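Pasting protein-v1.csv here (CSV, C-alpha atoms):
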chain,number,residue,atom,x,y,z
A,73,MET,CA,-19.4,49.7,5.7
A,74,ASN,CA,-21.3,46.9,4.1
A,75,PRO,CA,-19.0,43.8,4.1
A,76,HIS,CA,-20.8,42.5,1.0
A,77,THR,CA,-19.8,45.5,-1.1
A,78,HIS,CA,-16.3,45.9,0.4
A,79,ARG,CA,-13.7,45.4,-2.3
A,80,ARG,CA,-11.4,42.5,-1.4
A,81,THR,CA,-8.0,41.6,-2.7
A,82,PRO,CA,-8.5,39.8,-6.1
A,83,ALA,CA,-7.4,36.2,-6.4
A,84,ILE,CA,-6.1,34.4,-9.5
A,85,LEU,CA,-7.7,31.0,-10.3
A,86,CYS,CA,-5.7,28.9,-12.8
A,87,ILE,CA,-7.3,25.8,-14.3
A,88,THR,CA,-5.6,23.6,-16.8
A,89,LYS,CA,-5.7,19.9,-17.9
A,90,LEU,CA,-2.7,17.9,-16.7
A,91,LYS,CA,-2.1,15.2,-19.4
A,92,THR,CA,1.2,13.7,-18.1
A,93,TRP,CA,2.5,12.5,-14.7
A,94,SER,CA,5.3,15.1,-14.9
A,95,SER,CA,2.7,17.8,-15.2
A,96,VAL,CA,0.9,16.4,-12.2
A,97,ALA,CA,4.2,16.3,-10.2
A,98,THR,CA,5.0,19.9,-11.2
A,99,SER,CA,1.5,21.1,-10.2
A,100,GLY,CA,1.8,19.3,-6.9
A,101,GLY,CA,5.3,20.7,-6.4
A,102,HIS,CA,3.9,24.2,-6.7
A,103,THR,CA,1.0,23.4,-4.3
A,104,TRP,CA,3.2,21.9,-1.5
A,105,CYS,CA,6.3,24.0,-2.5
A,106,THR,CA,8.5,21.0,-3.0
A,107,LEU,CA,9.8,22.8,-6.1
A,108,PRO,CA,11.4,26.2,-6.2
A,109,VAL,CA,8.6,28.8,-6.2
A,110,PRO,CA,10.2,32.3,-5.9
A,111,PRO,CA,7.0,34.3,-5.5
A,112,ALA,CA,5.6,31.9,-2.8
A,113,ASP,CA,5.6,32.8,0.9
A,114,ARG,CA,6.7,29.6,2.7
A,115,GLU,CA,5.2,30.8,5.9
A,116,ARG,CA,1.8,30.6,4.2
A,117,THR,CA,2.3,27.2,2.5
A,118,HIS,CA,0.1,25.5,5.1
A,119,LEU,CA,-2.8,27.6,3.9
A,120,ASN,CA,-2.9,26.0,0.4
A,121,GLN,CA,-6.0,23.9,-0.1
A,122,VAL,CA,-6.4,20.7,-2.1
A,123,TRP,CA,-10.0,19.7,-2.4
A,124,ARG,CA,-9.2,16.0,-2.0
A,125,ASP,CA,-7.9,13.9,0.9
A,126,VAL,CA,-4.2,14.2,-0.1
A,127,ALA,CA,-1.3,15.9,1.6
A,128,ASN,CA,1.7,15.2,-0.6
A,129,LEU,CA,2.7,14.0,-4.1
A,130,ASP,CA,2.5,10.3,-3.3
A,131,GLU,CA,-1.0,10.5,-2.0
A,132,LEU,CA,-2.0,12.6,-5.0
A,133,ARG,CA,-0.6,9.9,-7.4
A,134,THR,CA,-2.5,7.2,-5.5
A,135,ALA,CA,-5.8,9.2,-5.6
A,136,ILE,CA,-5.5,9.8,-9.3
A,137,ASP,CA,-4.7,6.1,-10.0
A,138,GLN,CA,-7.8,5.1,-8.0
A,139,ARG,CA,-10.0,7.6,-9.9
A,140,LEU,CA,-8.7,6.4,-13.3
A,141,ALA,CA,-9.3,2.8,-12.3
A,142,LEU,CA,-12.9,3.7,-11.4
A,143,VAL,CA,-13.5,5.6,-14.6
A,144,ASN,CA,-11.9,2.8,-16.8
A,145,ALA,CA,-14.0,0.2,-15.0
A,146,GLY,CA,-17.1,2.1,-15.7
A,147,HIS,CA,-16.1,2.5,-19.4
A,148,ASP,CA,-15.4,-1.2,-19.7
A,149,ARG,CA,-18.9,-2.0,-18.2
A,150,ARG,CA,-20.6,0.4,-20.6
A,151,ARG,CA,-18.6,-1.1,-23.5
A,152,ALA,CA,-19.5,-4.7,-22.6
A,153,LYS,CA,-23.2,-3.7,-22.3
A,154,GLU,CA,-23.1,-2.1,-25.7
A,155,MET,CA,-21.6,-5.2,-27.2
A,156,GLU,CA,-24.2,-7.4,-25.6
A,157,GLU,CA,-26.9,-5.1,-27.0
A,158,THR,CA,-25.4,-5.2,-30.5
A,159,ALA,CA,-25.3,-9.0,-30.4
A,160,ARG,CA,-28.9,-9.2,-29.2
A,161,ARG,CA,-30.0,-6.9,-32.1
A,162,HIS,CA,-28.1,-9.1,-34.6
A,163,GLU,CA,-29.8,-12.2,-33.2
A,164,GLU,CA,-33.2,-10.7,-33.4
A,165,ARG,CA,-32.5,-9.6,-37.0
A,166,TYR,CA,-31.4,-13.1,-38.0
A,167,LYS,CA,-34.5,-14.7,-36.5
A,168,ALA,CA,-36.7,-12.2,-38.3
A,169,THR,CA,-35.0,-12.8,-41.6
A,170,SER,CA,-35.3,-16.6,-41.1
A,171,ILE,CA,-39.0,-16.2,-40.5
A,172,GLU,CA,-39.4,-14.1,-43.7
A,173,LEU,CA,-37.4,-16.7,-45.7
A,174,THR,CA,-39.7,-19.5,-44.5
A,175,ALA,CA,-42.3,-18.5,-47.1
A,176,PHE,CA,-39.6,-18.8,-49.9
A,177,THR,CA,-38.0,-22.0,-48.6
A,178,GLU,CA,-41.2,-23.9,-47.8
A,179,GLY,CA,-41.5,-27.0,-49.9
A,180,LEU,CA,-37.9,-26.8,-51.1
A,181,SER,CA,-35.5,-29.6,-50.6
A,182,ALA,CA,-32.4,-29.2,-48.4
A,183,ALA,CA,-30.2,-28.8,-51.5
A,184,GLN,CA,-32.5,-26.1,-52.9
A,185,GLN,CA,-32.6,-24.3,-49.6
A,186,ALA,CA,-28.8,-24.4,-49.4
A,187,GLU,CA,-28.6,-23.0,-53.0
A,188,LEU,CA,-31.0,-20.2,-52.1
A,189,LYS,CA,-28.9,-19.3,-49.0
A,190,GLN,CA,-25.7,-19.3,-51.1
A,191,ALA,CA,-27.4,-17.0,-53.6
A,192,ALA,CA,-28.5,-14.7,-50.8
A,193,SER,CA,-25.0,-14.7,-49.3
A,194,ARG,CA,-23.6,-13.9,-52.7
A,195,TRP,CA,-26.0,-11.0,-53.3
A,196,ARG,CA,-25.1,-9.6,-49.9
A,197,ARG,CA,-21.4,-9.8,-50.6
A,198,GLU,CA,-21.9,-8.2,-54.0
A,199,GLU,CA,-23.9,-5.4,-52.3
A,200,GLU,CA,-21.1,-4.9,-49.7
A,201,GLU,CA,-18.5,-4.8,-52.5
A,202,ARG,CA,-20.6,-2.3,-54.5
A,203,LYS,CA,-20.8,0.0,-51.4
A,204,ARG,CA,-17.0,-0.5,-50.8
A,205,LEU,CA,-16.3,0.5,-54.4
A,206,GLU,CA,-18.6,3.5,-54.1
A,207,VAL,CA,-16.8,4.7,-51.0
A,208,GLU,CA,-13.4,4.1,-52.7
A,209,ARG,CA,-14.6,6.1,-55.8
A,210,LEU,CA,-15.7,9.0,-53.6
A,211,ARG,CA,-12.4,8.9,-51.8
A,212,GLN,CA,-10.4,9.0,-55.0
A,213,GLN,CA,-12.6,11.9,-56.2
A,214,ARG,CA,-11.8,13.9,-53.0
A,215,GLU,CA,-8.1,13.1,-53.4
A,216,LYS,CA,-8.2,14.2,-57.0
A,217,ALA,CA,-10.0,17.4,-56.1
A,218,GLU,CA,-7.5,18.1,-53.3
A,219,ARG,CA,-4.5,17.5,-55.7
A,220,GLU,CA,-6.1,19.9,-58.2
A,221,ARG,CA,-6.6,22.6,-55.6
A,222,LYS,CA,-3.0,22.0,-54.4
A,223,ARG,CA,-1.7,22.3,-58.0
A,224,LYS,CA,-3.6,25.6,-58.5
A,225,ARG,CA,-2.3,27.0,-55.2
A,226,GLU,CA,1.2,26.1,-56.2
A,227,ALA,CA,0.8,27.6,-59.7
A,228,LEU,CA,-0.6,30.8,-58.1
A,229,ARG,CA,2.4,31.0,-55.7
A,230,GLU,CA,4.8,30.4,-58.6
A,231,ARG,CA,3.2,33.3,-60.6
A,232,GLU,CA,3.4,35.5,-57.5
A,233,ARG,CA,7.1,34.7,-57.0
A,234,ALA,CA,7.8,35.5,-60.6
A,235,LEU,CA,5.9,38.7,-60.3
A,236,VAL,CA,7.8,39.6,-57.2
A,237,GLU,CA,11.1,39.1,-59.0
A,238,ARG,CA,10.0,41.3,-61.9
A,239,LEU,CA,8.9,44.0,-59.5
A,240,LYS,CA,12.3,44.2,-57.9
A,241,ILE,CA,13.8,45.5,-61.1
A,242,ALA,CA,10.7,47.2,-62.6
A,243,THR,CA,11.0,50.9,-63.5
A,244,PRO,CA,8.2,53.4,-62.7
A,245,LEU,CA,7.6,53.9,-66.4
A,246,ALA,CA,7.2,50.2,-67.1
A,247,PHE,CA,4.9,49.9,-64.0
A,248,ALA,CA,2.8,52.9,-65.2
A,249,SER,CA,2.4,51.2,-68.7
A,250,ALA,CA,0.7,48.2,-67.1
A,251,ASP,CA,-3.1,47.9,-67.0
A,252,VAL,CA,-5.1,48.9,-63.9
A,253,ALA,CA,-5.7,45.3,-62.7
A,254,THR,CA,-2.0,44.4,-62.9
A,255,ARG,CA,-1.0,47.5,-61.0
A,256,ARG,CA,-3.6,46.8,-58.3
A,257,LYS,CA,-2.2,43.3,-57.8
A,258,CYS,CA,1.4,44.7,-57.8
A,259,TRP,CA,0.5,47.3,-55.2
A,260,GLN,CA,-0.8,44.6,-52.9
A,261,LEU,CA,2.4,42.6,-53.4
A,262,MET,CA,4.6,45.5,-52.7
A,263,LEU,CA,2.7,46.4,-49.5
A,264,GLY,CA,2.8,42.8,-48.3
A,265,HIS,CA,6.4,41.8,-49.1
A,266,ASP,CA,9.4,43.3,-47.2
A,267,GLU,CA,11.8,42.5,-50.1
A,268,LEU,CA,9.7,44.9,-52.3
A,269,PHE,CA,10.1,47.9,-50.1
A,270,GLU,CA,12.7,49.5,-52.4
A,271,ALA,CA,10.4,49.0,-55.4
A,272,LEU,CA,7.5,50.6,-53.4
A,273,GLN,CA,9.7,53.6,-52.6
A,274,ARG,CA,10.8,53.8,-56.3
A,275,MET,CA,7.2,53.9,-57.4
A,276,ASP,CA,6.2,56.3,-54.7
A,277,THR,CA,8.9,58.8,-55.4
A,278,SER,CA,8.5,58.8,-59.2
A,279,GLY,CA,5.6,61.2,-59.1
A,280,PHE,CA,3.6,59.0,-61.5
A,281,PHE,CA,1.1,57.8,-59.0
A,282,ASP,CA,-1.2,59.4,-56.4
A,283,ASN,CA,-1.8,58.2,-52.8
A,284,ALA,CA,-4.5,55.7,-54.1
A,285,GLY,CA,-2.1,54.1,-56.6
A,286,TYR,CA,-3.7,55.6,-59.7
A,287,LEU,CA,-1.8,57.4,-62.5
A,288,ARG,CA,-1.3,61.1,-62.2
A,289,ASP,CA,-1.1,63.4,-65.2
A,290,ALA,CA,2.7,63.1,-65.1
A,291,GLY,CA,2.5,59.4,-65.3
A,292,ARG,CA,0.0,59.5,-68.2
A,293,ARG,CA,2.2,61.9,-70.1
A,294,ALA,CA,5.3,59.8,-69.5
A,295,VAL,CA,3.4,56.7,-70.9
A,296,VAL,CA,2.2,58.6,-74.0
A,297,SER,CA,5.6,60.1,-74.6
A,298,ALA,CA,7.3,56.7,-74.4
A,299,ALA,CA,4.7,55.2,-76.8
A,300,ASP,CA,5.2,58.0,-79.3
A,301,HIS,CA,8.9,57.7,-79.1
A,302,THR,CA,8.7,54.0,-79.8
A,303,ALA,CA,6.3,54.5,-82.8
A,304,SER,CA,8.5,57.3,-84.3
A,305,LYS,CA,11.6,55.2,-84.5
A,306,SER,CA,12.4,54.2,-88.1
A,307,PRO,CA,12.6,50.5,-88.8
A,308,ARG,CA,16.1,49.2,-89.2
A,309,PRO,CA,17.0,48.1,-92.7
A,310,ARG,CA,17.1,44.4,-93.1
A,311,GLU,CA,20.4,42.9,-94.2
A,312,PRO,CA,20.2,41.3,-97.7
A,313,LYS,CA,19.9,37.6,-97.6
A,314,ALA,CA,22.6,35.4,-99.1
A,315,PRO,CA,21.5,33.7,-102.4
A,316,ALA,CA,20.4,30.2,-101.9
A,317,ALA,CA,22.8,27.5,-103.0
A,318,HIS,CA,21.8,25.8,-106.3
A,319,ARG,CA,20.8,22.3,-105.8
A,320,PRO,CA,20.9,19.9,-108.8
A,321,LEU,CA,17.8,18.1,-109.8
A,322,TYR,CA,19.6,14.7,-109.6
A,323,THR,CA,21.6,13.8,-106.6
A,324,GLU,CA,22.6,10.4,-107.6
A,325,PRO,CA,26.2,10.0,-109.0
A,326,ARG,CA,26.6,10.0,-112.8
A,327,GLY,CA,29.1,8.0,-114.8
A,328,PRO,CA,31.2,9.2,-117.8
A,329,GLY,CA,29.3,10.4,-120.8
A,330,MET,CA,26.1,10.9,-118.7
The structure in this file should be written as structure tokens.
Amino acid sequence: MNPHTHRRTPAILCITKLKTWSSVATSGGHTWCTLPVPPADRERTHLNQVWRDVANLDELRTAIDQRLALVNAGHDRRRAKEMEETARRHEERYKATSIELTAFTEGLSAAQQAELKQAASRWRREEEERKRLEVERLRQQREKAERERKRKREALRERERALVERLKIATPLAFASADVATRRKCWQLMLGHDELFEALQRMDTSGFFDNAGYLRDAGRRAVVSAADHTASKSPRPREPKAPAAHRPLYTEPRGPGM
């Protein structure tokens, strides 16, 4: 038998990120069986392998601390180098700007140069303020759009809740009298809400609808019959209105002989 093709006992490899020291301790407790591990065979604990020069939880904690210190030190060095590079670029930009301004400041007095620098500083602040206001305006627009979407979602949920309450007491005839779009929406609600199960059974056993939810001939006849019955009802006679009270033309008090 070829040893390369022989099927061996499968192994389970579990990999996860340990974000807390308690998780590290629990993982090490399973490795060295310092915690209760019912499925583990203690006679084979010595076969467990840890690919680092550690043999217990204390050594594992020390090794992790050393590794974190090395990583943090490298990160600090990279951060310091990035800050130095940023400062160097700012210095070069300042020197280049000073050289470009020489053509404008040449022949000007010290007071005029100071005034020009103040104007440039003011323009820069105004530009920064303009950008800040633009960012704030865009943020307000996003918040307004989000509030509008939230309001529409809430209004839609409110209409759906009202429709669910109406469906709970709706009769098959009233449901059959609705238009096709409304019935389609109601069918979706009845299929998706457990509290509308009785309403769904009521519509299904009425005989007015087929398996696809459309009206059968019996449903159409019931709707037409209900409409004819409503139209054939004679209007109720209106009660006679009481005569309006007579109001005098003059409301001010009158004296004797007037």
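Here CA of Ala135 in chain A stands at a distance of 15.8 Å from CA of Thr103 in chain A.
Atom pair CA of Glu226 in chain A / CA of Arg255 in chain A has a distance of 22.0 Å (rounded to one decimal).
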Shortest interatomic distance to Met262 in chain A - which of A:Ala250, A:Val109, A:Met275, A:Ala141, counting all atoms listed in the file:
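For Met262 in chain A, the nearest of the given residues is A:Met275.
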Between CA of Ser278 in chain A and CA of Glu232 in chain A, what is the distance, to one decimal in Å?
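Here the two named atoms are 23.9 Å from each other.
Residue nearest Ala284 in chain A within the list A:Thr134, A:Gln260, A:Thr174, A:Thr117: A:Gln260 [criterion: smallest interatomic distance, only C-alpha atoms].
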Anything within 12 Å of (4.2, 39.5, -52.0): list those residues as a list in words, counting only C-alpha atoms and sticking to the file's coordinates.
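Here the neighbourhood of the point contains Leu228, Arg229, Glu230, Arg231, Glu232, Arg233, Ala234, Leu235, Val236, Glu237, Arg238, Leu239, Lys240, Lys257, Cys258, Trp259, Gln260, Leu261, Met262, Leu263, Gly264, His265, Asp266, Glu267, Leu268, Phe269, Ala271 and Leu272 of chain A.
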Please save C-alpha atoms of the selected residues as a CSV table (one decimal), in the frame of the given file.
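The result, written out as result-v8.csv:
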chain,number,residue,atom,x,y,z
A,228,LEU,CA,-0.6,30.8,-58.1
A,229,ARG,CA,2.4,31.0,-55.7
A,230,GLU,CA,4.8,30.4,-58.6
A,231,ARG,CA,3.2,33.3,-60.6
A,232,GLU,CA,3.4,35.5,-57.5
A,233,ARG,CA,7.1,34.7,-57.0
A,234,ALA,CA,7.8,35.5,-60.6
A,235,LEU,CA,5.9,38.7,-60.3
A,236,VAL,CA,7.8,39.6,-57.2
A,237,GLU,CA,11.1,39.1,-59.0
A,238,ARG,CA,10.0,41.3,-61.9
A,239,LEU,CA,8.9,44.0,-59.5
A,240,LYS,CA,12.3,44.2,-57.9
A,257,LYS,CA,-2.2,43.3,-57.8
A,258,CYS,CA,1.4,44.7,-57.8
A,259,TRP,CA,0.5,47.3,-55.2
A,260,GLN,CA,-0.8,44.6,-52.9
A,261,LEU,CA,2.4,42.6,-53.4
A,262,MET,CA,4.6,45.5,-52.7
A,263,LEU,CA,2.7,46.4,-49.5
A,264,GLY,CA,2.8,42.8,-48.3
A,265,HIS,CA,6.4,41.8,-49.1
A,266,ASP,CA,9.4,43.3,-47.2
A,267,GLU,CA,11.8,42.5,-50.1
A,268,LEU,CA,9.7,44.9,-52.3
A,269,PHE,CA,10.1,47.9,-50.1
A,271,ALA,CA,10.4,49.0,-55.4
A,272,LEU,CA,7.5,50.6,-53.4
Find the residue from A:Arg197, A:Arg150, A:Arg133, A:His162 that sits nearest to Ser99 in chain A; use all atoms listed in the file when measuring.
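Smallest separation from Ser99 in chain A among the options: A:Arg133.
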Here is a test: counting all atoms listed in the file, which residue of A:Leu287, A:Val296, A:Ala217, A:Ala191 is nearest to Asp251 in chain A?
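Going through A:Leu287, A:Val296, A:Ala217, A:Ala191 one by one, the smallest distance to Asp251 in chain A is for A:Leu287.
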